[in-house]
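What follows is final.cif (mmCIF, C-alpha atoms and all ligand atoms).
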```cif
data_my_file
#
loop_
_atom_site.group_PDB
_atom_site.id
_atom_site.type_symbol
_atom_site.label_atom_id
_atom_site.label_comp_id
_atom_site.auth_asym_id
_atom_site.auth_seq_id
_atom_site.Cartn_x
_atom_site.Cartn_y
_atom_site.Cartn_z
ATOM 1 C CA MET H 935 -45.266 9.077 -16.479
ATOM 2 C CA LYS H 936 -45.354 9.460 -12.728
ATOM 3 C CA LYS H 937 -42.314 10.935 -10.995
ATOM 4 C CA GLN H 938 -41.523 7.641 -9.278
ATOM 5 C CA GLU H 939 -41.416 5.872 -12.634
ATOM 6 C CA ILE H 940 -39.221 8.585 -14.145
ATOM 7 C CA LYS H 941 -36.857 8.228 -11.217
ATOM 8 C CA GLN H 942 -36.684 4.452 -11.711
ATOM 9 C CA SER H 943 -35.910 5.042 -15.365
ATOM 10 C CA LEU H 944 -33.154 7.522 -14.415
ATOM 11 C CA ILE H 945 -31.628 4.974 -12.019
ATOM 12 C CA LYS H 946 -31.437 2.459 -14.884
ATOM 13 C CA PHE H 947 -29.921 5.151 -17.107
ATOM 14 C CA VAL H 948 -27.226 5.888 -14.500
ATOM 15 C CA GLU H 949 -26.430 2.187 -14.040
ATOM 16 C CA ASN H 950 -25.791 1.687 -17.740
ATOM 17 C CA ALA H 951 -24.535 5.125 -18.837
ATOM 18 C CA LYS H 952 -21.067 5.517 -20.304
ATOM 19 C CA CYS H 953 -20.996 9.224 -19.455
ATOM 20 C CA PHE H 954 -20.449 8.694 -15.703
ATOM 21 C CA ASP H 955 -17.437 7.164 -13.989
ATOM 22 C CA ASN H 956 -17.957 5.032 -10.868
ATOM 23 C CA ASN H 957 -17.474 7.971 -8.532
ATOM 24 C CA SER H 958 -20.139 10.031 -10.282
ATOM 25 C CA LYS H 959 -22.501 7.045 -10.435
ATOM 26 C CA LEU H 960 -22.067 6.512 -6.692
ATOM 27 C CA LYS H 961 -22.726 10.169 -5.830
ATOM 28 C CA LEU H 962 -25.662 10.470 -8.200
ATOM 29 C CA LEU H 963 -27.362 7.327 -6.869
ATOM 30 C CA LEU H 964 -26.837 8.451 -3.259
ATOM 31 C CA PHE H 965 -28.297 11.825 -4.176
ATOM 32 C CA LEU H 966 -31.319 10.179 -5.815
ATOM 33 C CA SER H 967 -31.850 7.956 -2.777
ATOM 34 C CA GLY H 968 -32.081 11.100 -0.657
ATOM 35 C CA VAL H 969 -29.210 10.388 1.781
ATOM 36 C CA LYS H 970 -26.926 12.891 0.071
ATOM 37 C CA PRO H 971 -28.511 16.349 0.104
ATOM 38 C CA ASN H 972 -26.331 17.944 -2.574
ATOM 39 C CA THR H 973 -23.587 16.662 -4.817
ATOM 40 C CA TYR H 974 -21.182 17.328 -7.668
ATOM 41 C CA ILE H 975 -20.766 14.934 -10.588
ATOM 42 C CA THR H 976 -19.018 14.971 -13.927
ATOM 43 C CA LEU H 977 -20.524 13.912 -17.238
ATOM 44 C CA ARG H 978 -18.251 12.880 -20.086
ATOM 45 C CA ILE H 979 -19.204 12.948 -23.730
ATOM 46 C CA THR H 980 -17.240 11.139 -26.437
ATOM 47 C CA SER H 981 -18.139 10.061 -29.961
ATOM 48 C CA GLU H 982 -19.571 6.875 -28.404
ATOM 49 C CA ASN H 983 -22.247 8.537 -26.252
ATOM 50 C CA LEU H 984 -23.290 11.779 -27.903
ATOM 51 C CA ASP H 985 -26.918 11.540 -26.738
ATOM 52 C CA ASP H 986 -26.201 10.969 -23.049
ATOM 53 C CA GLN H 987 -26.216 14.618 -22.039
ATOM 54 C CA ILE H 988 -29.520 15.353 -23.762
ATOM 55 C CA ASP H 989 -31.070 12.327 -22.067
ATOM 56 C CA PHE H 990 -29.671 13.277 -18.658
ATOM 57 C CA GLU H 991 -30.912 16.857 -18.974
ATOM 58 C CA LYS H 992 -34.390 15.566 -19.827
ATOM 59 C CA TYR H 993 -34.448 13.579 -16.598
ATOM 60 C CA LEU H 994 -33.307 16.598 -14.545
ATOM 61 C CA LYS H 995 -36.086 18.659 -16.057
ATOM 62 C CA LYS H 996 -38.821 16.063 -15.588
ATOM 63 C CA LEU H 997 -37.820 15.497 -11.966
ATOM 64 C CA ASP H 998 -37.402 19.236 -11.216
ATOM 65 C CA ILE H 999 -33.858 18.692 -9.952
ATOM 66 C CA ILE H 1000 -32.263 22.049 -9.236
ATOM 67 C CA HIS H 1001 -28.776 22.166 -10.740
ATOM 68 C CA ASN H 1002 -25.924 24.207 -12.155
ATOM 69 C CA VAL H 1003 -23.956 23.042 -15.157
ATOM 70 C CA SER H 1004 -20.430 24.114 -16.080
ATOM 71 C CA ARG H 1005 -19.087 25.023 -19.488
ATOM 72 C CA ALA H 1006 -17.659 22.222 -21.622
ATOM 73 C CA LYS H 1007 -14.026 21.331 -20.982
ATOM 74 C CA GLY H 1008 -11.856 18.931 -22.958
ATOM 75 C CA PHE H 1009 -10.428 15.754 -21.431
ATOM 76 C CA GLU H 1010 -7.608 13.482 -22.479
ATOM 77 C CA GLU H 1011 -6.780 9.819 -22.053
ATOM 78 C CA ILE H 1012 -3.575 7.821 -22.457
ATOM 79 C CA LYS H 1013 -3.882 6.295 -25.913
ATOM 80 C CA LYS H 1014 -0.778 4.135 -25.737
ATOM 81 C CA ILE H 1015 2.408 3.587 -23.798
ATOM 82 C CA LYS H 1016 5.596 2.898 -25.677
ATOM 83 C CA ASN H 1017 8.680 2.177 -23.573
ATOM 84 C CA ASN H 1018 8.722 5.051 -21.072
ATOM 85 C CA ILE H 1019 6.431 7.477 -22.886
ATOM 86 C CA ALA H 1020 2.674 7.829 -22.395
ATOM 87 C CA PHE H 1021 0.933 9.313 -25.430
ATOM 88 C CA TRP H 1022 -2.184 11.285 -24.508
ATOM 89 C CA LYS H 1023 -5.031 12.099 -26.835
ATOM 90 C CA ILE H 1024 -8.081 14.342 -26.539
ATOM 91 C CA LYS H 1025 -10.985 11.992 -25.983
ATOM 92 C CA GLY H 1026 -14.020 14.237 -25.577
ATOM 93 C CA VAL H 1027 -15.610 16.944 -23.453
ATOM 94 C CA TRP H 1028 -16.874 16.943 -19.893
ATOM 95 C CA PHE H 1029 -19.354 18.991 -17.907
ATOM 96 C CA GLY H 1030 -19.617 19.475 -14.152
ATOM 97 C CA TYR H 1031 -23.081 19.256 -12.595
ATOM 98 C CA ASP H 1032 -23.913 20.597 -9.152
ATOM 99 C CA LEU H 1033 -27.163 19.034 -7.985
ATOM 100 C CA PHE H 1034 -29.174 20.496 -5.118
ATOM 101 C CA LYS H 1035 -32.019 19.246 -2.952
ATOM 102 C CA ASN H 1036 -33.613 22.713 -2.793
ATOM 103 C CA GLU H 1037 -33.193 26.386 -3.674
ATOM 104 C CA LYS H 1038 -31.657 27.202 -0.312
ATOM 105 C CA SER H 1039 -28.784 24.815 -0.987
ATOM 106 C CA GLN H 1040 -28.250 26.398 -4.398
ATOM 107 C CA LYS H 1041 -28.117 29.815 -2.734
ATOM 108 C CA ASP H 1042 -25.650 28.557 -0.119
ATOM 109 C CA PHE H 1043 -23.522 27.198 -2.923
ATOM 110 C CA LYS H 1044 -23.501 30.605 -4.610
ATOM 111 C CA LYS H 1045 -22.364 32.100 -1.328
ATOM 112 C CA TYR H 1046 -19.627 29.458 -1.097
ATOM 113 C CA LYS H 1047 -18.328 30.402 -4.561
ATOM 114 C CA LYS H 1048 -18.349 34.058 -3.581
ATOM 115 C CA LEU H 1049 -16.357 33.340 -0.415
ATOM 116 C CA LEU H 1050 -13.782 31.449 -2.481
ATOM 117 C CA LYS H 1051 -13.414 34.391 -4.838
ATOM 118 C CA GLU H 1052 -12.858 36.656 -1.862
ATOM 119 C CA HIS H 1053 -10.171 34.250 -0.586
ATOM 120 C CA LYS H 1054 -12.162 33.581 2.573
ATOM 121 C CA HIS H 1055 -11.145 29.948 2.469
ATOM 122 C CA LYS H 1056 -11.934 29.055 6.045
ATOM 123 C CA GLN H 1057 -15.530 30.326 5.840
ATOM 124 C CA ALA H 1058 -15.901 28.768 2.388
ATOM 125 C CA ASP H 1059 -14.751 25.340 3.609
ATOM 126 C CA PHE H 1060 -17.120 25.498 6.596
ATOM 127 C CA LEU H 1061 -20.041 26.247 4.319
ATOM 128 C CA ALA H 1062 -19.070 23.566 1.783
ATOM 129 C CA GLY H 1063 -18.873 21.021 4.588
ATOM 130 C CA LYS H 1064 -22.378 21.969 5.624
ATOM 131 C CA ILE H 1065 -23.749 21.874 2.077
ATOM 132 C CA TYR H 1066 -22.372 18.358 1.530
ATOM 133 C CA ASP H 1067 -23.275 17.102 5.008
ATOM 134 C CA TYR H 1068 -19.715 16.215 6.061
ATOM 135 C CA PRO H 1069 -19.062 15.408 9.758
ATOM 136 C CA LYS H 1070 -18.016 18.434 11.834
ATOM 137 C CA CYS H 1071 -14.823 16.788 13.133
ATOM 138 C CA CYS H 1072 -13.706 16.135 9.549
ATOM 139 C CA ILE H 1073 -14.530 19.680 8.372
ATOM 140 C CA ASN H 1074 -12.493 21.111 11.255
ATOM 141 C CA SER H 1075 -9.515 18.859 10.629
ATOM 142 C CA PHE H 1076 -9.666 19.607 6.879
ATOM 143 C CA ILE H 1077 -9.545 23.357 7.572
ATOM 144 C CA LYS H 1078 -6.653 23.007 10.033
ATOM 145 C CA GLU H 1079 -4.719 20.898 7.554
ATOM 146 C CA GLN H 1080 -4.769 23.644 4.937
ATOM 147 C CA ASP H 1081 -1.921 25.128 6.983
ATOM 148 C CA GLU H 1082 1.277 23.483 5.706
ATOM 149 C CA LYS H 1083 3.197 24.048 8.928
ATOM 150 C CA TYR H 1084 0.471 22.340 10.958
ATOM 151 C CA LEU H 1085 0.352 19.490 8.454
ATOM 152 C CA ALA H 1086 4.129 18.967 8.466
ATOM 153 C CA LYS H 1087 4.104 18.875 12.265
ATOM 154 C CA LYS H 1088 1.108 16.572 12.643
ATOM 155 C CA TYR H 1089 2.194 13.940 10.138
ATOM 156 C CA SER H 1090 5.329 12.448 8.682
ATOM 157 C CA TYR H 1091 5.194 11.906 4.908
ATOM 158 C CA CYS H 1092 4.369 8.255 5.485
ATOM 159 C CA SER H 1093 1.716 8.710 8.149
ATOM 160 C CA PHE H 1094 -0.025 11.314 5.976
ATOM 161 C CA TYR H 1095 -0.341 9.026 2.939
ATOM 162 C CA LYS H 1096 -0.992 5.966 5.076
ATOM 163 C CA ARG H 1097 -4.001 7.734 6.521
ATOM 164 C CA LEU H 1098 -5.360 8.563 3.054
ATOM 165 C CA HIS H 1099 -5.035 4.949 1.934
ATOM 166 C CA GLU H 1100 -6.620 3.660 5.144
ATOM 167 C CA ASN H 1101 -9.505 6.083 4.660
ATOM 168 C CA ASP H 1102 -10.064 4.696 1.144
ATOM 169 C CA VAL H 1103 -10.350 1.184 2.564
ATOM 170 C CA ASN H 1104 -12.429 2.069 5.637
ATOM 171 C CA PHE H 1105 -14.858 4.521 4.018
ATOM 172 C CA PRO H 1106 -15.345 3.614 0.340
ATOM 173 C CA PHE H 1107 -18.804 5.199 0.170
ATOM 174 C CA VAL H 1108 -17.996 8.678 1.514
ATOM 175 C CA GLN H 1109 -16.468 11.513 -0.479
ATOM 176 C CA HIS H 1110 -14.898 13.732 2.173
ATOM 177 C CA THR H 1111 -11.501 13.221 3.796
ATOM 178 C CA PRO H 1112 -12.265 11.633 7.185
ATOM 179 C CA CYS H 1113 -10.266 13.180 10.043
ATOM 180 C CA THR H 1114 -8.887 9.781 11.066
ATOM 181 C CA PRO H 1115 -9.383 6.217 9.759
ATOM 182 C CA LYS H 1116 -11.309 5.589 12.988
ATOM 183 C CA CYS H 1117 -13.668 8.608 12.739
ATOM 184 C CA LYS H 1118 -17.018 7.482 14.196
ATOM 185 C CA PRO H 1119 -19.333 9.930 12.332
ATOM 186 C CA SER H 1120 -17.634 8.891 9.064
ATOM 187 C CA GLN H 1121 -18.210 5.225 9.958
ATOM 188 C CA ARG H 1122 -21.905 5.930 10.475
ATOM 189 C CA LEU H 1123 -22.147 7.919 7.242
ATOM 190 C CA ASN H 1124 -20.320 5.192 5.333
ATOM 191 C CA LYS H 1125 -22.761 2.590 6.642
ATOM 192 C CA ARG H 1126 -25.777 4.745 5.848
ATOM 193 C CA TYR H 1127 -24.537 5.345 2.300
ATOM 194 C CA SER H 1128 -23.714 1.689 1.757
ATOM 195 C CA GLU H 1129 -27.216 0.644 2.827
ATOM 196 C CA ALA H 1130 -28.881 3.350 0.719
ATOM 197 C CA LEU H 1131 -26.890 2.360 -2.365
ATOM 198 C CA LYS H 1132 -27.724 -1.312 -1.940
ATOM 199 C CA LYS H 1133 -31.386 -0.423 -1.748
ATOM 200 C CA ILE H 1134 -31.588 2.017 -4.663
ATOM 201 C CA SER H 1135 -29.334 0.066 -7.033
ATOM 202 C CA PRO H 1136 -28.430 -3.515 -6.154
ATOM 203 C CA LYS H 1137 -26.867 -3.753 -9.614
ATOM 204 C CA PHE H 1138 -24.361 -0.917 -9.146
ATOM 205 C CA PHE H 1139 -23.764 -1.978 -5.525
ATOM 206 C CA ARG H 1140 -22.648 -5.421 -6.770
ATOM 207 C CA GLU H 1141 -20.320 -3.940 -9.392
ATOM 208 C CA PHE H 1142 -18.858 -1.355 -7.042
ATOM 209 C CA THR H 1143 -18.132 -3.798 -4.210
ATOM 210 C CA LYS H 1144 -16.773 -6.610 -6.385
ATOM 211 C CA THR H 1145 -13.075 -7.511 -6.096
ATOM 212 C CA LYS H 1146 -11.338 -7.591 -9.474
ATOM 213 C CA LYS H 1147 -7.834 -9.042 -9.876
ATOM 214 C CA TYR H 1148 -5.432 -8.296 -12.708
ATOM 215 C CA THR H 1149 -1.831 -9.210 -13.402
ATOM 216 C CA THR H 1150 -0.024 -6.493 -15.326
ATOM 217 C CA ASP H 1151 3.211 -4.571 -15.547
ATOM 218 C CA ILE H 1152 3.147 -1.181 -13.886
ATOM 219 C CA ILE H 1153 5.452 1.778 -14.511
ATOM 220 C CA VAL H 1154 6.548 4.120 -11.743
ATOM 221 C CA ASP H 1155 5.702 7.715 -12.652
ATOM 222 C CA ASP H 1156 5.689 10.629 -10.196
ATOM 223 C CA MET H 1157 5.858 10.562 -6.411
ATOM 224 C CA ASN H 1158 2.949 12.195 -4.564
ATOM 225 C CA ASP H 1159 3.908 15.037 -2.270
ATOM 226 C CA VAL H 1160 2.625 18.181 -0.594
ATOM 227 C CA THR H 1161 4.553 21.317 -1.457
ATOM 228 C CA ASP H 1162 4.701 24.807 -0.002
ATOM 229 C CA LYS H 1163 4.161 28.039 -1.948
ATOM 230 C CA LYS H 1164 7.734 27.875 -3.238
ATOM 231 C CA GLY H 1165 7.157 24.384 -4.590
ATOM 232 C CA LYS H 1166 9.322 22.696 -1.957
ATOM 233 C CA SER H 1167 8.185 19.494 -0.236
ATOM 234 C CA ILE H 1168 6.919 20.044 3.303
ATOM 235 C CA TRP H 1169 8.511 16.680 4.172
ATOM 236 C CA PRO H 1170 12.098 16.832 2.838
ATOM 237 C CA GLU H 1171 12.814 13.559 4.667
ATOM 238 C CA LYS H 1172 10.708 10.716 3.282
ATOM 239 C CA ASP H 1173 9.983 7.779 5.582
ATOM 240 C CA CYS H 1174 8.263 5.900 2.734
ATOM 241 C CA PHE H 1175 7.142 6.630 -0.831
ATOM 242 C CA ASP H 1176 3.707 7.231 -2.329
ATOM 243 C CA TYR H 1177 4.002 6.732 -6.078
ATOM 244 C CA VAL H 1178 1.715 7.285 -8.997
ATOM 245 C CA VAL H 1179 2.019 4.137 -11.082
ATOM 246 C CA ILE H 1180 0.492 3.509 -14.497
ATOM 247 C CA THR H 1181 -0.775 0.135 -15.672
ATOM 248 C CA LYS H 1182 1.234 -0.778 -18.774
ATOM 249 C CA ASP H 1183 -1.615 -2.923 -20.080
ATOM 250 C CA LYS H 1184 -5.053 -1.530 -20.690
ATOM 251 C CA ILE H 1185 -7.594 -2.689 -18.104
ATOM 252 C CA ASN H 1186 -11.251 -2.324 -19.147
ATOM 253 C CA GLY H 1187 -10.022 -0.366 -22.165
ATOM 254 C CA ARG H 1188 -7.786 2.127 -20.375
ATOM 255 C CA HIS H 1189 -4.488 2.675 -18.614
ATOM 256 C CA TYR H 1190 -5.084 3.290 -14.905
ATOM 257 C CA LEU H 1191 -3.163 5.760 -12.761
ATOM 258 C CA ILE H 1192 -2.928 4.313 -9.262
ATOM 259 C CA SER H 1193 -1.516 5.745 -6.084
ATOM 260 C CA TRP H 1194 0.729 3.200 -4.338
ATOM 261 C CA LEU H 1195 2.452 3.422 -0.968
ATOM 262 C CA SER H 1196 5.773 1.572 -0.730
ATOM 263 C CA ASN H 1197 8.560 1.313 1.829
ATOM 264 C CA LYS H 1198 11.040 0.828 -0.981
ATOM 265 C CA PHE H 1199 12.440 3.501 -3.274
ATOM 266 C CA PHE H 1200 12.023 3.037 -7.020
ATOM 267 C CA ASP H 1201 13.361 5.298 -9.752
ATOM 268 C CA GLU H 1202 10.891 6.964 -12.086
ATOM 269 C CA GLY H 1203 10.552 4.730 -15.132
ATOM 270 C CA THR H 1204 10.922 1.443 -13.207
ATOM 271 C CA VAL H 1205 8.796 -1.329 -14.714
ATOM 272 C CA LEU H 1206 7.457 -3.833 -12.189
ATOM 273 C CA SER H 1207 5.350 -6.922 -12.648
ATOM 274 C CA ALA H 1208 2.472 -6.786 -10.236
ATOM 275 C CA ASP H 1209 -0.897 -8.048 -9.106
ATOM 276 C CA VAL H 1210 -3.478 -5.267 -9.059
ATOM 277 C CA VAL H 1211 -6.571 -5.771 -6.948
ATOM 278 C CA MET H 1212 -9.378 -3.275 -7.576
ATOM 279 C CA LYS H 1213 -12.363 -2.799 -5.316
ATOM 280 C CA TYR H 1214 -14.675 0.168 -4.799
ATOM 281 C CA ASP H 1215 -12.798 3.187 -6.115
ATOM 282 C CA TYR H 1216 -9.256 2.185 -5.215
ATOM 283 C CA ALA H 1217 -6.609 -0.328 -6.177
ATOM 284 C CA LYS H 1218 -4.052 -2.273 -4.142
ATOM 285 C CA ILE H 1219 -0.759 -3.320 -5.649
ATOM 286 C CA LYS H 1220 1.436 -6.305 -4.874
ATOM 287 C CA VAL H 1221 4.752 -6.118 -6.648
ATOM 288 C CA LYS H 1222 6.295 -9.366 -7.842
ATOM 289 C CA LYS H 1223 9.604 -8.243 -9.343
ATOM 290 C CA VAL H 1224 11.498 -5.432 -11.046
ATOM 291 C CA LYS H 1225 11.545 -6.045 -14.787
ATOM 292 C CA LYS H 1226 13.310 -3.045 -16.220
ATOM 293 C CA VAL H 1227 14.431 0.464 -15.323
ATOM 294 C CA PHE H 1228 13.962 3.198 -17.920
ATOM 295 C CA ASP H 1229 15.632 6.555 -17.511
ATOM 296 C CA GLY H 1230 12.543 8.503 -16.354
ATOM 297 C CA PHE H 1231 8.944 8.475 -17.516
ATOM 298 C CA PHE H 1232 7.435 11.040 -19.867
ATOM 299 C CA HIS H 1233 4.024 12.245 -20.984
ATOM 300 C CA GLU H 1234 3.472 13.439 -24.524
ATOM 301 C CA ARG H 1235 0.422 15.618 -24.826
ATOM 302 C CA HIS H 1236 -1.120 17.353 -27.781
ATOM 303 C CA PHE H 1237 -2.918 20.012 -25.870
ATOM 304 C CA VAL H 1238 -5.756 21.722 -27.665
ATOM 305 C CA LYS H 1239 -7.108 24.917 -26.172
ATOM 306 C CA PRO H 1240 -10.865 24.692 -25.671
HETATM 307 ZN ZN ZN H 1301 -14.238 13.005 11.529
#
```
Could you spell out this file's structure in structure tokens?
Amino acid sequence: MKKQEIKQSLIKFVENAKCFDNNSKLKLLLFLSGVKPNTYITLRITSENLDDQIDFEKYLKKLDIIHNVSRAKGFEEIKKIKNNIAFWKIKGVWFGYDLFKNEKSQKDFKKYKKLLKEHKHKQADFLAGKIYDYPKCCINSFIKEQDEKYLAKKYSYCSFYKRLHENDVNFPFVQHTPCTPKCKPSQRLNKRYSEALKKISPKFFREFTKTKKYTTDIIVDDMNDVTDKKGKSIWPEKDCFDYVVITKDKINGRHYLISWLSNKFFDEGTVLSADVVMKYDYAKIKVKKVKKVFDGFFHERHFVKP
């Protein structure tokens, strides 16, 4: 088979594969279209898709795609939720794949890992930004924001999380954290990626951009926060609340963990009836009413050491 045909066959494989989540499918397709020079994806193996890794590796070999693969790590999923307890179960193993456009990128990546080990975080982040083709303004703001004091001064709790949610909506095709929801280079990148995805896989583009609506109960779990080295919040005063909520019903066979920004305070373990609208890789929540308040929310895990 010619390379072009093998690539077409790989695109079909990615579209239908169970081993990739939407985020990995998006990155892999953008990488294959050539707009993304290098990328990182995860591949999950369960009892339902044992052959997927062998098939994927065959494609990488036939197409001479330079890559690194991680060791196998276990992953869990919420099996059921009873009252205010989520029961987790080991579901399978996952592998991380770093894919590179050429040997130079692979070498740069090695250098990046080395810098991380040496705790040269600033240099490491610069290099990573270059490897993944992130806009300069966003790389610089990301590096600055590693400093908690700077972060606490620049944003209030609410403005920080509001920005993250706005970025999700404005730039669903990019993977970096845009410096602002109005960042021009990120807008251009987002447009370029959107067009490339539509061209290489109209099928996945349709699925990814479709709006899906569900009505379900959600349970308030943790509140998102940024903490300092002592574990204390860098925003002791909260001007709104960014919760992790869990869908009480299974949607597409699983319980979703969604980050939700609210002006109202809810206790952990509050059950709310809600409309959940999913699009791209994020979900929006519209709460209808409070149904019940449990005393906290707990996770029961049976952790198995790999
Ligand atoms: Zn930017």
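Shortest atom-to-atom contact with H:Glu982 among H:Gly1026, H:Gly1008, H:Gly1165, H:Gly968: H:Gly1026, counting all atoms listed in the file.
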**Distance of atom CA of H:Ile1077 from atom CA of H:Tyr974, expressed in Å to one decimal place** = 20.1 Å
Considering only C-alpha atoms and all ligand atoms, give me a table of residues in chain H that are at most 7 Å from ligand ZN 1301 (chain H), with the closest atom pair and distance in Å for each, as a tab-separated table.
```
residue	atom	partner	partner_atom	distance
H:Pro1069	CA	H:ZN1301	ZN	5.7
H:Lys1070	CA	H:ZN1301	ZN	6.6
H:Cys1071	CA	H:ZN1301	ZN	4.2
H:Cys1072	CA	H:ZN1301	ZN	3.7
H:Pro1112	CA	H:ZN1301	ZN	5.0
H:Cys1113	CA	H:ZN1301	ZN	4.2
H:Thr1114	CA	H:ZN1301	ZN	6.3
H:Cys1117	CA	H:ZN1301	ZN	4.6
H:Lys1118	CA	H:ZN1301	ZN	6.7
H:Pro1119	CA	H:ZN1301	ZN	6.0
H:Ser1120	CA	H:ZN1301	ZN	5.9
```
**Top pick for closest residue to H:Ser1196, considering H:Ile999, H:Met1212, H:Leu1098, H:Cys1174 and counting only C-alpha atoms** = H:Cys1174
**Request:** Please provide as number ranges by chain all residues within 8 Å of stretch 1104-1106 of chain H, with the sequence filter that same-chain residues fewer than 2 positions apart are discarded (counting only C-alpha atoms).
**Result:** H: 1100-1102, 1108, 1115, 1120-1121, 1124, 1214-1215
The selected residues should be written to file as a compact mmCIF listing (two decimals), in the frame of the given file (atoms: C-alpha atoms).
```txt
# COMPACT_ATOMS: atom_id res chain seq x y z
CA GLU H 1100 -6.62 3.66 5.14
CA ASN H 1101 -9.51 6.08 4.66
CA ASP H 1102 -10.06 4.70 1.14
CA VAL H 1108 -18.00 8.68 1.51
CA PRO H 1115 -9.38 6.22 9.76
CA SER H 1120 -17.63 8.89 9.06
CA GLN H 1121 -18.21 5.22 9.96
CA ASN H 1124 -20.32 5.19 5.33
CA TYR H 1214 -14.68 0.17 -4.80
CA ASP H 1215 -12.80 3.19 -6.12
```
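Residue nearest H:Leu1131, chosen from H:Lys970, H:Lys1044, H:Lys1014, H:Lys1025 and counting all atoms listed in the file: H:Lys970.
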**Residues returned when the PyMOL selection byres (((chain H and resi 1203) around 12) and not hetatm) runs on this file, as an NGL selection string** = :H and (1015-1020 or 1151-1157 or 1177-1180 or 1182 or 1200-1202 or 1204-1206 or 1224-1233)
**Request:** Run the PyMOL selection byres (((chain H and resi 1064) around 12) and not hetatm) on the file and write out the hits as a ChimeraX atom specification.
**Result:** /H:970-973,1039,1042-1043,1046,1057-1063,1065-1074,1110
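Coordinates place atom CA of H:Asp1176 at a distance of 10.0 Å from atom CA of H:His1099.
Distances from H:Lys1078, H:Thr980, H:Ile975, H:Leu1049 to H:Phe1034 were compared using all atoms listed in the file, and the smallest one belongs to H:Ile975.
Here atom CA of H:Trp1028 and atom CA of H:Ala1130 stand 27.5 Å from one another.
Every residue that the PyMOL selection byres (((chain H and resi 1222) around 9) and not hetatm) selects in this file is listed here: Leu1206, Ser1207, Ala1208, Asp1209, Lys1220, Val1221, Lys1223 and Val1224 of chain H.
For the residues H:Leu963, H:Glu1011, H:Cys953, H:Glu939, ranking by smallest atom-to-atom distance to H:Arg1188 using all atoms listed in the file places H:Glu1011 first.
Counting only C-alpha atoms and comparing H:Lys1172, H:Asn1158, H:Lys1146, H:Asp998, the residue that lies closest to H:Ile1185 is H:Lys1146.
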**Request:** Find the spatial neighbours of H:Ile1000, counting all atoms listed in the file, within a cut-off of 9 Å - ignore same-chain residues fewer than 5 positions away - and output them as number ranges by chain.
**Result:** H: 994-995, 1032-1037, 1040
Let me have the centre and edge lengths in Å, one decimal, of the box along x, y and z around every listed atom of stretch 974-993 of chain H with 8 Å of margin on each side, as lines of an AutoDock Vina configuration file.
```
center_x = -25.8
center_y = 12.1
center_z = -18.8
size_x = 33.2
size_y = 26.5
size_z = 38.3
```
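Shell of stretch 1166-1170 of chain H at 12 Å, with all atoms listed in the file counted and residues fewer than 3 places along the chain excluded, is Asp1081, Glu1082, Lys1083, Tyr1084, Leu1085, Ala1086, Lys1087, Lys1088, Tyr1089, Ser1090, Tyr1091, Cys1092, Ser1093, Phe1094, Tyr1095, Met1157, Asn1158, Asp1159, Val1160, Thr1161, Asp1162, Lys1163, Asp1173, Cys1174 and Phe1175 of chain H.
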Would you mind putting N, CA and C atoms back on stretch 1049-1059 of chain H and writing the result as a PDB file, keeping the file's coordinate frame?
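After the write, result-v4.pdb holds the following:
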```pdb
ATOM      1  N   LEU H1049     -17.373  33.356  -1.468  1.00  0.00           N
ATOM      2  CA  LEU H1049     -16.357  33.340  -0.415  1.00  0.00           C
ATOM      3  C   LEU H1049     -14.998  32.898  -0.965  1.00  0.00           C
ATOM      4  N   LEU H1050     -15.028  31.920  -1.861  1.00  0.00           N
ATOM      5  CA  LEU H1050     -13.782  31.449  -2.481  1.00  0.00           C
ATOM      6  C   LEU H1050     -13.119  32.566  -3.276  1.00  0.00           C
ATOM      7  N   LYS H1051     -13.930  33.287  -4.028  1.00  0.00           N
ATOM      8  CA  LYS H1051     -13.414  34.391  -4.838  1.00  0.00           C
ATOM      9  C   LYS H1051     -12.780  35.469  -3.971  1.00  0.00           C
ATOM     10  N   GLU H1052     -13.384  35.645  -2.789  1.00  0.00           N
ATOM     11  CA  GLU H1052     -12.858  36.656  -1.862  1.00  0.00           C
ATOM     12  C   GLU H1052     -11.708  36.122  -1.005  1.00  0.00           C
ATOM     13  N   HIS H1053     -11.269  34.920  -1.317  1.00  0.00           N
ATOM     14  CA  HIS H1053     -10.171  34.250  -0.586  1.00  0.00           C
ATOM     15  C   HIS H1053     -10.490  34.023   0.882  1.00  0.00           C
ATOM     16  N   LYS H1054     -11.784  33.905   1.197  1.00  0.00           N
ATOM     17  CA  LYS H1054     -12.162  33.581   2.573  1.00  0.00           C
ATOM     18  C   LYS H1054     -12.298  32.064   2.657  1.00  0.00           C
ATOM     19  N   HIS H1055     -11.145  31.406   2.613  1.00  0.00           N
ATOM     20  CA  HIS H1055     -11.145  29.948   2.469  1.00  0.00           C
ATOM     21  C   HIS H1055     -11.736  29.211   3.663  1.00  0.00           C
ATOM     22  N   LYS H1056     -11.451  29.737   4.852  1.00  0.00           N
ATOM     23  CA  LYS H1056     -11.934  29.055   6.045  1.00  0.00           C
ATOM     24  C   LYS H1056     -13.477  29.043   6.077  1.00  0.00           C
ATOM     25  N   GLN H1057     -14.061  30.217   5.858  1.00  0.00           N
ATOM     26  CA  GLN H1057     -15.530  30.326   5.840  1.00  0.00           C
ATOM     27  C   GLN H1057     -16.117  29.483   4.707  1.00  0.00           C
ATOM     28  N   ALA H1058     -15.429  29.521   3.560  1.00  0.00           N
ATOM     29  CA  ALA H1058     -15.901  28.768   2.388  1.00  0.00           C
ATOM     30  C   ALA H1058     -15.912  27.268   2.692  1.00  0.00           C
ATOM     31  N   ASP H1059     -14.830  26.771   3.306  1.00  0.00           N
ATOM     32  CA  ASP H1059     -14.751  25.340   3.609  1.00  0.00           C
ATOM     33  C   ASP H1059     -15.811  24.917   4.622  1.00  0.00           C
TER      34      ASP H1059
END
```
